[in-house]
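Participant: Dropping the structure in here first, questions after.
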Amino acid sequence: MNVAVLGAGAWGTTVASLLAVGNDTTVWSHEAEVVDEITLHQRNPMYLPDIELCPSLRATAELQTALQAADMVVFAVPSRYFRAVVEQARPDVPTDADLVSVTKGIELETGFRMSEVLIDVLDHDPDRVCVLSGPNLAKEVALGQPSATVLACSDAARAERLRQAFTTDSFRAFSNSDVIGCEVAGAVKNVIAIAAGIGDGLGYGWNTKAALITRGLAEIARLGVAMGAQPITFLGLAGNGDLTATCSSPQSRNQHLGEELGRGRSLSDITAGMVTVAEGVSSTPAIAALAQRLGVPMPITRKVEAVLNGSLSARAAVDQVMQFEPGAELEDIH
C-alpha cells in the first residue's frame, strides 16, 4: 500500500517505520529538523533517540506530498492539534483512502473521539475510519520488543485486512469492531495513569496502584458502555492491557506527570520540561464534561481534573477518592 503518516512524534515515527517495512510509506512532520534527520540519517533524535528507522521510510514537510495517492492515511497528531491538522490535510486526503487514528484523546470543545473528528471534518465513510489502540509504548515497539495492539473498525472485514499491514514478527495486531470501546479506553487510561502517578509521587505502594488501576478500569468501562461500547472490550489489549502499561511504566508520560504532581511540582513546571505530550492533561476536562453530560460517575477522573486545574492538592485528591462511598463492586457496569 501507499501509506501516509501524519505526525512524527515518538509514536507516529514508530508506526511509520513499522509500516515502511512492507509498504511505500511517507511520514509528515511540520518540524523541518525532524524531516531532515529522517531523510538524511533515518533517525528521529528529537522524539525517538537512539532508534534506527526503516531505511525505506521517507519524510516530508509537505502534506500534499505525503498524501498523494495514499491508500491509507494514519493520523498521529496530538489530540489538541488533531482537528487543525485534519482540516489542513482535507483538500489532499483521497476520498477512497482508509483512515487510521493512533491518537488517544477526546476533543475538549466537542467531546468527540478522534475518529469522530475525522468523519466530521473529512465527511468520510465511517466504515473506512479505524483506530489503533493498545499497550504500545513507542520505544519498546521501535526496538522490536514483543508487543500487541488492536486495529478497530466498524467494518470487521476491513479491520481484519488492515490489521495485517501493522503486523510484524514482533508486533501483533488483532482486529476488533468496537471502535467506541477502543477509543474510550485509550483516552481515559491516560487520566487514570496520572492518578496512578500521583500515588507514586506521594510514596504509596502497590496496593494503592492496584486499586487505582482496577477502579480506573471500572470508570473507563462505565463511560464506554454509556457511549455504546461493548463491555468485553475493556478486558482486552485496548482496555486492561493499555491501562496496565500506562499506569506502570516509567516510559509513560502521563504516569510521569502524575508522579511529579504527587511530589508537589506545578503542572506548568512539569510540562515545560517535557518534549512529548501527556495526552491526559488536555483530555481530562473533556472526559469529565462528557461523563457529567451522560450522568456517569467518575470520581478518580474528577479528582485528577481538580489537581490539574489547581483547585485541589494531590494528597487531598487521594483522600477524597478514598471517601467515595463503595457499593457493590460491579453493579454499575453492564
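Note on naming: chains are A, B, ... as they come in the C-alpha cells, residues start from 1 per chain, ligands start from 1 in the order shown.
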I'd like the neighbourhood of range 212-225 of chain A as an MDAnalysis selection string, where a residue qualifies if any of its atoms comes within 10 Å (using only C-alpha atoms), though same-chain residues fewer than 4 positions away should be ignored.

Facilitator: chainID A and resid 180:189 191:193 195:197 199 206:208 229:235 239:240 243:244 246:248 287 290:291 294:301 318 321 329:330 332:334

Participant: Quick one: residues within 12 Å of range 59-65 of chain A, only C-alpha atoms counted, chain neighbours fewer than 6 positions away excluded, as a VMD selection string?

Facilitator: chain A and resid 2 to 8 12 to 13 16 to 17 20 24 to 44 53 73 75 85 to 94

Participant: In range 169-215 of chain A, what's strand (DSSP E) per DSSP? Answer as a list in words?

Facilitator: Phe171, Arg172, Ala173, Phe174, Ser175 and Asn176 of chain A

Participant: What is the CA of Ala316 in chain A-CA of Ser266 in chain A distance in Å, reported with one decimal?

Facilitator: 15.2 Å

Participant: For Ile270 in chain A, list every protein, DNA or RNA residue within 9 Å, evaluated using only C-alpha atoms, and leave out those in the same chain fewer than 6 positions away; present the list as a ChimeraX atom specification.

Facilitator: /A:257,260-261

Participant: Any chance you could tabulate, as CSV, the residues of range 224-270 of chain A at most 7 Å from range 127-145 of chain A with each one's nearest atom pair and distance in Å to one decimal, using only C-alpha atoms, in chain and rising number order?

Facilitator:
```
residue,atom,partner,partner_atom,distance
A:Leu237,CA,A:Gly134,CA,5.1
A:Ala238,CA,A:Gly134,CA,4.2
A:Gly241,CA,A:Pro135,CA,5.5
A:Asp242,CA,A:Pro135,CA,3.8
A:Ala245,CA,A:Pro135,CA,5.7
```

Participant: Have a look at A:Lys303, A:Arg263, A:Arg80, A:Arg293 and name the one nearest to Asp319 in chain A; count only C-alpha atoms.

Facilitator: A:Lys303

Participant: Go through A:Ile198, A:Ala278, A:Val150, A:Leu162 and flag the residue nearest Gly236 in chain A, using only C-alpha atoms for the distances.

Facilitator: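 Residue with the minimum atom-to-atom distance to Gly236 in chain A: A:Val150.
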
Participant: If we count only C-alpha atoms, what is near Val277 in chain A at a cut-off of 9 Å, once residues fewer than 4 positions away on the same chain are taken out, given as an MDAnalysis selection string?

Facilitator: chainID A and resid 78 253:254 271 281

Participant: Which one of A:Gln323, A:Ser282, A:Phe166, A:Ile119 sits closest to Val304 in chain A if you count only C-alpha atoms?

Facilitator: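 Smallest distance to Val304 in chain A is found for A:Ser282.
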
Participant: CA of Ala66 in chain A and CA of Ser175 in chain A, how far apart in Å?

Facilitator: 26.3 Å

Participant: Interatomic distance between CA of Glu305 in chain A and CA of Leu151 in chain A?

Facilitator: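 Distance between the two atoms: 29.5 Å.
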